[in-house]
>>> print(open('query.txt').read())   # compact mmCIF, C-alpha atoms
# COMPACT_ATOMS: atom_id res chain seq x y z
CA MET E 5 0.00 0.00 0.00
CA ALA E 6 1.41 3.24 -1.02
CA ASP E 7 2.10 6.03 1.52
CA PRO E 8 -0.41 8.92 1.55
CA GLN E 9 0.80 12.14 -0.07
CA LYS E 10 1.99 14.88 2.17
CA ILE E 11 0.96 18.36 1.17
CA HIS E 12 3.35 21.15 2.18
CA PRO E 13 2.21 24.79 1.93
CA VAL E 14 3.95 26.75 -0.76
CA HIS E 15 4.75 30.44 -0.19
CA ASP E 16 2.83 32.64 -2.63
CA VAL E 17 5.25 35.11 -4.10
CA GLU E 18 2.42 37.39 -5.33
CA ALA E 19 0.78 37.73 -1.92
CA PRO E 20 1.57 40.94 0.00
CA ASN E 21 4.19 40.75 2.63
CA HIS E 22 2.58 41.22 6.14
CA PRO E 23 5.30 40.86 8.71
CA SER E 24 4.08 39.59 12.00
CA ALA E 25 6.45 41.79 13.96
CA PRO E 26 7.03 45.58 13.52
CA LEU E 27 9.99 46.44 11.38
CA VAL E 28 11.03 49.17 13.83
CA PRO E 29 10.84 48.45 17.52
CA ARG E 30 8.89 50.97 19.64
CA THR E 31 11.82 51.47 21.90
CA MET E 32 14.05 52.62 19.04
CA SER E 33 15.05 56.30 19.19
CA LYS E 34 13.96 58.96 16.71
CA SER E 35 17.22 58.75 14.77
CA ASP E 36 16.97 54.98 14.39
CA ALA E 37 13.39 55.16 13.10
CA GLY E 38 14.30 57.06 9.97
CA ASP E 39 13.11 60.49 8.85
CA PRO E 40 11.59 62.37 11.84
CA ALA E 41 9.32 64.27 9.48
CA ASN E 42 7.44 61.07 8.64
CA VAL E 43 6.90 60.05 12.25
CA GLU E 44 3.97 61.43 14.26
CA HIS E 45 4.47 62.04 17.97
CA HIS E 46 1.58 61.95 20.41
CA PRO E 47 2.65 63.11 23.87
CA SER E 48 1.02 61.25 26.68
CA GLN E 49 -1.61 62.82 28.99
CA THR E 50 0.85 63.14 31.85
CA GLN E 51 3.26 65.09 29.64
CA GLN E 52 0.46 67.44 28.55
CA GLN E 53 -0.45 68.14 32.16
CA ALA E 54 3.14 68.82 33.10
CA LEU E 55 3.59 71.54 30.48
CA PRO E 56 3.26 75.01 32.02
CA VAL E 57 0.50 77.30 30.71
CA MET E 58 1.85 80.61 29.41
CA HIS E 59 -0.42 83.67 29.69
CA SER E 60 0.36 86.57 27.42
CA LYS E 61 0.37 89.99 29.12
CA PRO E 62 -1.99 92.57 27.66
CA PRO E 63 -0.19 95.43 25.96
CA LYS E 64 0.27 98.55 28.09
CA LYS E 65 -1.94 101.47 27.13
CA ARG E 66 -0.05 104.64 26.44
CA ARG E 67 -1.62 107.88 27.50
CA SER E 68 -2.03 110.28 24.68
CA CYS E 69 -0.59 113.78 24.81
CA CYS E 70 -4.10 115.24 24.92
CA CYS E 71 -5.00 113.23 28.01
CA ARG E 72 -1.82 114.28 29.79
CA PHE E 73 -2.43 117.92 28.89
CA LEU E 74 -5.98 117.80 30.27
CA CYS E 75 -4.80 116.20 33.51
CA TRP E 76 -2.11 118.86 33.82
CA MET E 77 -4.59 121.69 33.26
CA VAL E 78 -7.10 120.27 35.74
CA SER E 79 -4.39 119.94 38.37
CA ILE E 80 -3.28 123.56 37.88
CA LEU E 81 -6.90 124.75 38.02
CA LEU E 82 -7.50 122.92 41.29
CA ILE E 83 -4.34 124.38 42.78
CA LEU E 84 -5.40 127.90 41.75
CA ILE E 85 -8.88 127.45 43.23
CA VAL E 86 -7.44 126.26 46.52
CA ALA E 87 -4.93 129.13 46.60
CA ILE E 88 -7.61 131.72 45.85
CA GLY E 89 -9.87 130.25 48.52
CA ILE E 90 -7.10 130.39 51.11
CA THR E 91 -6.26 134.00 50.16
CA ILE E 92 -9.90 135.09 50.40
CA GLY E 93 -10.22 133.39 53.76
CA ILE E 94 -7.15 135.17 55.12
CA LEU E 95 -8.34 138.56 53.82
CA PHE E 96 -11.78 138.01 55.33
CA LEU E 97 -10.30 137.22 58.72
CA VAL E 98 -7.96 140.22 58.62
CA PHE E 99 -10.24 142.95 57.20
CA ARG E 100 -13.72 141.71 58.20
CA PRO E 101 -15.47 143.25 55.13
CA LYS E 102 -19.02 144.63 55.38
CA LEU E 103 -21.33 145.75 52.60
CA PRO E 104 -21.88 149.50 52.19
CA LYS E 105 -25.35 150.88 52.85
CA TYR E 106 -27.39 153.45 50.94
CA SER E 107 -30.58 155.35 51.65
CA VAL E 108 -32.67 157.94 49.82
CA ASP E 109 -33.37 160.80 52.24
CA GLU E 110 -34.98 163.48 50.09
CA LEU E 111 -36.58 163.86 46.68
CA GLY E 112 -37.30 167.27 45.17
CA VAL E 113 -39.19 167.88 41.93
CA THR E 114 -38.18 171.09 40.22
CA GLN E 115 -39.78 170.34 36.87
CA LEU E 116 -42.66 168.09 35.82
CA GLU E 117 -44.52 169.52 32.87
CA THR E 118 -45.83 168.52 29.48
CA SER E 119 -44.75 170.47 26.39
CA ASN E 120 -46.67 171.18 23.20
CA ASN E 121 -45.25 168.09 21.44
CA ASN E 122 -46.75 165.86 24.17
CA SER E 123 -43.38 165.15 25.83
CA LEU E 124 -42.90 165.17 29.61
CA SER E 125 -39.85 167.01 31.01
CA VAL E 126 -38.75 165.87 34.48
CA THR E 127 -36.07 167.21 36.83
CA PHE E 128 -35.44 165.57 40.22
CA ASN E 129 -33.04 166.50 43.00
CA LEU E 130 -32.04 163.45 45.02
CA THR E 131 -30.31 163.36 48.38
CA ILE E 132 -28.61 159.99 48.96
CA THR E 133 -26.60 158.94 52.00
CA ALA E 134 -23.75 156.43 51.47
CA ARG E 135 -22.33 154.66 54.52
CA ASN E 136 -19.06 152.71 54.68
CA PRO E 137 -19.11 150.61 57.90
CA ASN E 138 -15.65 149.02 57.39
CA LYS E 139 -12.75 149.72 59.74
CA LYS E 140 -9.92 148.88 57.31
CA ILE E 141 -11.52 149.14 53.85
CA GLY E 142 -11.92 152.29 51.75
CA ILE E 143 -14.10 152.75 48.67
CA ASP E 144 -12.92 154.79 45.70
CA TYR E 145 -15.93 155.82 43.59
CA ARG E 146 -14.78 156.13 39.98
CA GLY E 147 -16.24 157.89 36.94
CA GLY E 148 -18.72 156.29 34.58
CA SER E 149 -21.58 155.89 37.05
CA HIS E 150 -25.24 156.01 36.05
CA ILE E 151 -28.42 156.56 38.06
CA SER E 152 -31.98 156.62 36.72
CA ALA E 153 -35.49 157.07 38.14
CA TRP E 154 -38.36 154.91 36.84
CA TYR E 155 -42.12 154.89 37.19
CA MET E 156 -43.25 151.36 36.38
CA ASP E 157 -41.51 150.60 33.04
CA THR E 158 -40.98 154.25 32.03
CA LYS E 159 -37.69 156.02 32.65
CA LEU E 160 -38.39 159.52 33.88
CA CYS E 161 -34.89 161.01 34.29
CA GLU E 162 -31.23 160.06 34.78
CA GLY E 163 -27.88 161.38 35.98
CA SER E 164 -24.55 160.31 37.51
CA LEU E 165 -22.78 160.23 40.86
CA PRO E 166 -19.68 162.35 41.53
CA LYS E 167 -16.21 160.84 41.88
CA PHE E 168 -14.99 160.70 45.47
CA TYR E 169 -13.11 158.55 47.96
CA GLN E 170 -14.94 157.26 51.02
CA GLY E 171 -12.68 156.38 53.92
CA HIS E 172 -13.09 153.98 56.83
CA ARG E 173 -16.37 154.25 58.76
CA ASN E 174 -17.37 157.27 56.69
CA ILE E 175 -20.84 158.70 55.97
CA THR E 176 -21.17 160.80 52.80
CA VAL E 177 -24.29 162.74 51.77
CA LEU E 178 -24.68 163.22 48.01
CA SER E 179 -26.93 165.68 46.20
CA ILE E 180 -27.63 164.37 42.70
CA PRO E 181 -29.63 166.13 39.95
CA LEU E 182 -31.58 163.94 37.50
CA LYS E 183 -33.01 165.19 34.21
CA GLY E 184 -35.01 163.53 31.46
CA GLN E 185 -37.68 163.82 28.81
CA THR E 186 -40.34 161.25 27.93
CA GLN E 187 -42.09 161.20 24.57
CA ASP E 188 -45.83 160.54 24.14
CA ALA E 189 -46.45 161.27 27.81
CA SER E 190 -50.20 161.91 27.77
CA GLY E 191 -50.93 158.38 28.93
CA LEU E 192 -48.20 158.63 31.57
CA GLN E 193 -49.70 161.81 33.05
CA ASN E 194 -53.12 160.21 33.25
CA THR E 195 -51.71 157.12 34.95
CA LEU E 196 -49.87 159.23 37.54
CA GLN E 197 -52.99 161.23 38.40
CA GLN E 198 -55.07 158.06 38.67
CA GLN E 199 -52.43 156.50 40.95
CA LEU E 200 -52.53 159.54 43.28
CA GLN E 201 -56.32 159.56 43.44
CA GLU E 202 -56.61 155.85 44.23
CA THR E 203 -53.70 155.31 46.63
CA GLY E 204 -52.46 158.78 47.58
CA ASN E 205 -48.85 157.92 46.73
CA VAL E 206 -46.52 157.23 43.80
CA PRO E 207 -44.00 154.34 43.74
CA LEU E 208 -40.63 155.03 42.07
CA ASN E 209 -37.61 152.86 41.37
CA LEU E 210 -34.00 154.05 41.38
CA LYS E 211 -31.30 152.07 39.57
CA VAL E 212 -27.63 152.83 40.22
CA LYS E 213 -24.53 151.44 38.47
CA GLN E 214 -21.29 152.63 40.04
CA PRO E 215 -17.71 151.44 39.24
CA VAL E 216 -15.46 151.47 42.30
CA ARG E 217 -12.07 150.27 43.46
CA ILE E 218 -11.74 148.71 46.88
CA LYS E 219 -8.76 149.76 48.97
CA LEU E 220 -7.44 147.28 51.56
CA GLY E 221 -5.05 149.29 53.68
CA LYS E 222 -2.68 150.73 51.07
CA LEU E 223 -3.48 148.10 48.45
CA LYS E 224 -6.00 149.01 45.72
CA LEU E 225 -7.79 146.05 44.19
CA PHE E 226 -9.19 145.68 40.68
CA LYS E 227 -12.29 147.59 39.61
CA VAL E 228 -15.74 146.23 40.46
CA LYS E 229 -19.28 147.50 39.80
CA PHE E 230 -21.75 148.33 42.53
CA ARG E 231 -25.41 147.84 41.64
CA VAL E 232 -28.00 149.47 43.88
CA ARG E 233 -31.77 149.14 43.50
CA CYS E 234 -33.96 151.45 45.62
CA ARG E 235 -37.73 151.49 45.85
CA ILE E 236 -39.26 154.64 47.26
CA VAL E 237 -42.85 155.74 47.74
CA VAL E 238 -43.66 159.48 47.76
CA ASP E 239 -46.91 161.27 48.54
CA ASN E 240 -46.90 163.38 45.34
CA LEU E 241 -44.85 164.49 42.35
CA SER E 242 -45.93 168.12 42.15
CA ALA E 243 -43.22 170.53 41.09
CA ASN E 244 -41.87 172.97 43.73
CA ASN E 245 -43.96 171.33 46.45
CA SER E 246 -42.82 169.62 49.59
CA ILE E 247 -42.56 165.91 48.83
CA ARG E 248 -42.52 163.42 51.65
CA ILE E 249 -40.89 160.01 51.29
CA ARG E 250 -43.19 157.50 52.94
CA SER E 251 -40.97 154.44 52.51
CA SER E 252 -37.53 153.66 51.16
CA SER E 253 -35.60 150.38 50.78
CA CYS E 254 -32.37 149.70 48.90
CA LYS E 255 -30.71 146.45 47.83
CA PHE E 256 -27.01 146.24 47.08
CA ARG E 257 -24.89 143.81 45.08
CA PHE E 258 -21.61 143.97 43.20
CA ARG E 259 -20.19 142.38 40.06
CA LEU E 260 -16.56 141.86 39.04
>>> encode(input="query.txt", output="structure tokens")
Amino acid sequence: MADPQKIHPVHDVEAPNHPSAPLVPRTMSKSDAGDPANVEHHPSQTQQQALPVMHSKPPKKRRSCCCRFLCWMVSILLILIVAIGITIGILFLVFRPKLPKYSVDELGVTQLETSNNNSLSVTFNLTITARNPNKKIGIDYRGGSHISAWYMDTKLCEGSLPKFYQGHRNITVLSIPLKGQTQDASGLQNTLQQQLQETGNVPLNLKVKQPVRIKLGKLKLFKVKFRVRCRIVVDNLSANNSIRIRSSSCKFRFRL
């Protein structure tokens, strides 16, 4: 009996070569594995956690020249305000300034008549008392003053105060003439007569603008303007008659 045939596997030369073991061991270094550009590296999770995190600093903002200039100007302005406040406080403590006082003592009417062209001519003589209650402050009344007398919204006459210097704790009595002419005065005359018949008095307003210079000891300050508003009530406005002032009140303020 013949022996059975033994079949031995024959290697197929056309089959692809699949090696059972990797051609390059995993433990081989990067230089032994060939071109490093063709090899991908995947760091492990522990290596990723060990890498420090870098935070980029934001760029510093540079102040513009305009911002610096504004800050500089504001600082100088604050310093000036503080310095002026301190100076005013020291002057107030040293000189103890008080406001001057004014009063209207007499009013004389020398002319109050209507002409043929229906205009009203008015001439007043005012007596005003100015009081300076300050111990160390003088008042130099300058030129360019203006005073006017009004009935309601109609200006009757106007004039000016004389130039003079009023010393410490001084009382000065001023006699001031006022002259004026009002056009289309027929209605004004009727209103004045009706006012006298109903109330027995006539209200008048006096407005004064007076430039002055304040003198602190021997130091003369810059020029300021006094503004005085007086309201007086008289019993009549008849020319060349005795006129009695029933009430008088004045308000004072000044402006640089």
>>> residues_around(input="query.txt", residues="stretch 108-122 of chain E", least_positions_apart="3", cutoff="7 Å", atoms="all atoms listed in the file", output="list of chain:residue names")
E:Ser125, E:Val126, E:Thr127, E:Phe128, E:Asn129, E:Leu130, E:Thr131, E:Ile132, E:Thr133, E:Gln187, E:Asp188, E:Ala189, E:Ser190, E:Leu241, E:Ser242, E:Ala243, E:Asn244, E:Ile247, E:Ile249, E:Ser252
>>> write_last_selection(input="query.txt", atoms="C-alpha atoms", output="mmCIF file, keeping the file's coordinate frame")
data_model
loop_
_atom_site.group_PDB
_atom_site.id
_atom_site.type_symbol
_atom_site.label_atom_id
_atom_site.label_comp_id
_atom_site.auth_asym_id
_atom_site.auth_seq_id
_atom_site.Cartn_x
_atom_site.Cartn_y
_atom_site.Cartn_z
ATOM 1 C CA SER E 125 -39.850 167.010 31.010
ATOM 2 C CA VAL E 126 -38.750 165.870 34.480
ATOM 3 C CA THR E 127 -36.070 167.210 36.830
ATOM 4 C CA PHE E 128 -35.440 165.570 40.220
ATOM 5 C CA ASN E 129 -33.040 166.500 43.000
ATOM 6 C CA LEU E 130 -32.040 163.450 45.020
ATOM 7 C CA THR E 131 -30.310 163.360 48.380
ATOM 8 C CA ILE E 132 -28.610 159.990 48.960
ATOM 9 C CA THR E 133 -26.600 158.940 52.000
ATOM 10 C CA GLN E 187 -42.090 161.200 24.570
ATOM 11 C CA ASP E 188 -45.830 160.540 24.140
ATOM 12 C CA ALA E 189 -46.450 161.270 27.810
ATOM 13 C CA SER E 190 -50.200 161.910 27.770
ATOM 14 C CA LEU E 241 -44.850 164.490 42.350
ATOM 15 C CA SER E 242 -45.930 168.120 42.150
ATOM 16 C CA ALA E 243 -43.220 170.530 41.090
ATOM 17 C CA ASN E 244 -41.870 172.970 43.730
ATOM 18 C CA ILE E 247 -42.560 165.910 48.830
ATOM 19 C CA ILE E 249 -40.890 160.010 51.290
ATOM 20 C CA SER E 252 -37.530 153.660 51.160
#
>>> atom_distance(input="query.txt", atom1="atom CA of E:Phe96", atom2="atom CA of E:Ser79")
25.9 Å
>>> closest_residue(input="query.txt", among="E:Lys222, E:Arg235, E:Lys183, E:Lys140", to="E:Val206", atoms="only C-alpha atoms")
E:Arg235
>>> atom_distance(input="query.txt", atom1="atom CA of E:Gly142", atom2="atom CA of E:Cys234")
22.9 Å
>>> closest_residue(input="query.txt", among="E:Leu124, E:Leu208, E:Val216, E:Ile85", to="E:Gln193", atoms="all atoms listed in the file")
E:Leu124
>>> closest_residue(input="query.txt", among="E:Cys161, E:Val238, E:Val232, E:Ile180", to="E:Gln199", atoms="only C-alpha atoms")
E:Val238
>>> residues_near_point(input="query.txt", point="(-27.4, 146.7, 53.0)", cutoff="10 Å", atoms="only C-alpha atoms", output="list in words")
Lys102, Leu103, Pro104, Lys105, Tyr106, Ser107, Arg135, Val232, Ser253, Cys254, Lys255, Phe256 and Arg257 of chain E
>>> write_last_selection(input="query.txt", atoms="C-alpha atoms", output="compact mmCIF listing (two decimals), keeping the file's coordinate frame")
# COMPACT_ATOMS: atom_id res chain seq x y z
CA LYS E 102 -19.02 144.63 55.38
CA LEU E 103 -21.33 145.75 52.60
CA PRO E 104 -21.88 149.50 52.19
CA LYS E 105 -25.35 150.88 52.85
CA TYR E 106 -27.39 153.45 50.94
CA SER E 107 -30.58 155.35 51.65
CA ARG E 135 -22.33 154.66 54.52
CA VAL E 232 -28.00 149.47 43.88
CA SER E 253 -35.60 150.38 50.78
CA CYS E 254 -32.37 149.70 48.90
CA LYS E 255 -30.71 146.45 47.83
CA PHE E 256 -27.01 146.24 47.08
CA ARG E 257 -24.89 143.81 45.08
>>> closest_residue(input="query.txt", among="E:Pro181, E:Thr176, E:Val98, E:Lys167", to="E:Ala134", atoms="all atoms listed in the file")
E:Thr176
>>> atom_distance(input="query.txt", atom1="atom CA of E:Asn138", atom2="atom CA of E:Arg173")
5.5 Å
>>> residues_around(input="query.txt", residues="E:Gln170", least_positions_apart="3", cutoff="7 Å", atoms="all atoms listed in the file", output="list in words")
Gly142, Ile143, Asp144 and Asn174 of chain E
>>> residues_around(input="query.txt", residues="E:Glu162", least_positions_apart="4", cutoff="8 Å", atoms="all atoms listed in the file", output="number ranges by chain")
E: 150-153, 182-184
>>> residues_around(input="query.txt", residues="E:Phe230", least_positions_apart="6", cutoff="10 Å", atoms="only C-alpha atoms", output="MDAnalysis selection string")
chainID E and resid 104 145 149 212:217 256:260
>>> decode(input="query.txt", residues="stretch 197-236 of chain E", atoms="N, CA and C atoms", output="compact mmCIF listing (two decimals), in the first residue's frame")
# COMPACT_ATOMS: atom_id res chain seq x y z
N GLN E 197 -51.86 160.61 37.70
CA GLN E 197 -52.99 161.23 38.40
C GLN E 197 -53.95 160.18 38.96
N GLN E 198 -54.19 159.12 38.18
CA GLN E 198 -55.07 158.06 38.67
C GLN E 198 -54.45 157.34 39.86
N GLN E 199 -53.13 157.15 39.84
CA GLN E 199 -52.43 156.50 40.95
C GLN E 199 -52.56 157.34 42.22
N LEU E 200 -52.42 158.67 42.12
CA LEU E 200 -52.53 159.54 43.28
C LEU E 200 -53.95 159.55 43.84
N GLN E 201 -54.93 159.54 42.98
CA GLN E 201 -56.32 159.56 43.44
C GLN E 201 -56.71 158.27 44.15
N GLU E 202 -56.20 157.13 43.66
CA GLU E 202 -56.61 155.85 44.23
C GLU E 202 -55.84 155.50 45.49
N THR E 203 -54.53 155.74 45.50
CA THR E 203 -53.70 155.31 46.63
C THR E 203 -53.13 156.46 47.44
N GLY E 204 -53.04 157.65 46.87
CA GLY E 204 -52.46 158.78 47.58
C GLY E 204 -50.95 158.77 47.60
N ASN E 205 -50.32 157.94 46.79
CA ASN E 205 -48.85 157.92 46.73
C ASN E 205 -48.41 157.45 45.35
N VAL E 206 -47.11 157.61 45.08
CA VAL E 206 -46.52 157.23 43.80
C VAL E 206 -45.28 156.38 44.07
N PRO E 207 -45.21 155.15 43.57
CA PRO E 207 -44.00 154.34 43.74
C PRO E 207 -42.98 154.64 42.63
N LEU E 208 -41.73 154.78 43.01
CA LEU E 208 -40.63 155.03 42.07
C LEU E 208 -39.52 154.03 42.33
N ASN E 209 -38.77 153.74 41.27
CA ASN E 209 -37.61 152.86 41.37
C ASN E 209 -36.36 153.61 40.93
N LEU E 210 -35.30 153.46 41.70
CA LEU E 210 -34.00 154.05 41.38
C LEU E 210 -33.02 152.93 41.09
N LYS E 211 -32.30 153.06 39.97
CA LYS E 211 -31.30 152.07 39.57
C LYS E 211 -29.94 152.76 39.46
N VAL E 212 -28.96 152.22 40.16
CA VAL E 212 -27.63 152.83 40.22
C VAL E 212 -26.59 151.80 39.77
N LYS E 213 -25.71 152.22 38.87
CA LYS E 213 -24.53 151.44 38.47
C LYS E 213 -23.30 152.30 38.73
N GLN E 214 -22.43 151.82 39.62
CA GLN E 214 -21.29 152.63 40.04
C GLN E 214 -20.00 151.80 40.04
N PRO E 215 -19.02 152.13 39.17
CA PRO E 215 -17.71 151.44 39.24
C PRO E 215 -16.89 151.98 40.40
N VAL E 216 -16.27 151.08 41.14
CA VAL E 216 -15.46 151.47 42.30
C VAL E 216 -14.19 150.61 42.33
N ARG E 217 -13.26 151.06 43.13
CA ARG E 217 -12.07 150.27 43.46
C ARG E 217 -11.97 150.17 44.97
N ILE E 218 -11.83 148.94 45.45
CA ILE E 218 -11.74 148.71 46.88
C ILE E 218 -10.29 148.85 47.33
N LYS E 219 -10.09 149.54 48.45
CA LYS E 219 -8.76 149.76 48.97
C LYS E 219 -8.62 149.04 50.31
N LEU E 220 -7.73 148.03 50.34
CA LEU E 220 -7.44 147.28 51.56
C LEU E 220 -6.14 147.82 52.14
N GLY E 221 -6.25 148.64 53.17
CA GLY E 221 -5.05 149.29 53.68
C GLY E 221 -4.49 150.24 52.65
N LYS E 222 -3.28 149.95 52.15
CA LYS E 222 -2.68 150.73 51.07
C LYS E 222 -2.77 150.05 49.71
N LEU E 223 -3.38 148.88 49.68
CA LEU E 223 -3.48 148.10 48.45
C LEU E 223 -4.83 148.36 47.78
N LYS E 224 -4.80 148.81 46.50
CA LYS E 224 -6.00 149.01 45.72
C LYS E 224 -6.25 147.78 44.85
N LEU E 225 -7.43 147.23 44.96
CA LEU E 225 -7.79 146.05 44.19
C LEU E 225 -8.32 146.45 42.82
N PHE E 226 -8.67 145.45 42.02
CA PHE E 226 -9.19 145.68 40.68
C PHE E 226 -10.57 146.33 40.77
N LYS E 227 -11.03 146.85 39.65
CA LYS E 227 -12.29 147.59 39.61
C LYS E 227 -13.48 146.63 39.62
N VAL E 228 -14.49 146.98 40.42
CA VAL E 228 -15.74 146.23 40.46
C VAL E 228 -16.89 147.21 40.24
N LYS E 229 -18.09 146.67 40.02
CA LYS E 229 -19.28 147.50 39.80
C LYS E 229 -20.29 147.27 40.91
N PHE E 230 -20.66 148.37 41.57
CA PHE E 230 -21.75 148.33 42.53
C PHE E 230 -23.07 148.50 41.79
N ARG E 231 -24.06 147.70 42.18
CA ARG E 231 -25.41 147.84 41.64
C ARG E 231 -26.36 148.03 42.82
N VAL E 232 -27.07 149.14 42.80
CA VAL E 232 -28.00 149.47 43.88
C VAL E 232 -29.39 149.64 43.28
N ARG E 233 -30.37 149.00 43.90
CA ARG E 233 -31.77 149.14 43.50
C ARG E 233 -32.54 149.66 44.72
N CYS E 234 -33.18 150.84 44.55
CA CYS E 234 -33.96 151.45 45.62
C CYS E 234 -35.41 151.59 45.18
N ARG E 235 -36.30 151.29 46.09
CA ARG E 235 -37.73 151.49 45.85
C ARG E 235 -38.23 152.50 46.88
N ILE E 236 -38.76 153.60 46.38
CA ILE E 236 -39.26 154.64 47.26
C ILE E 236 -40.72 154.93 46.92
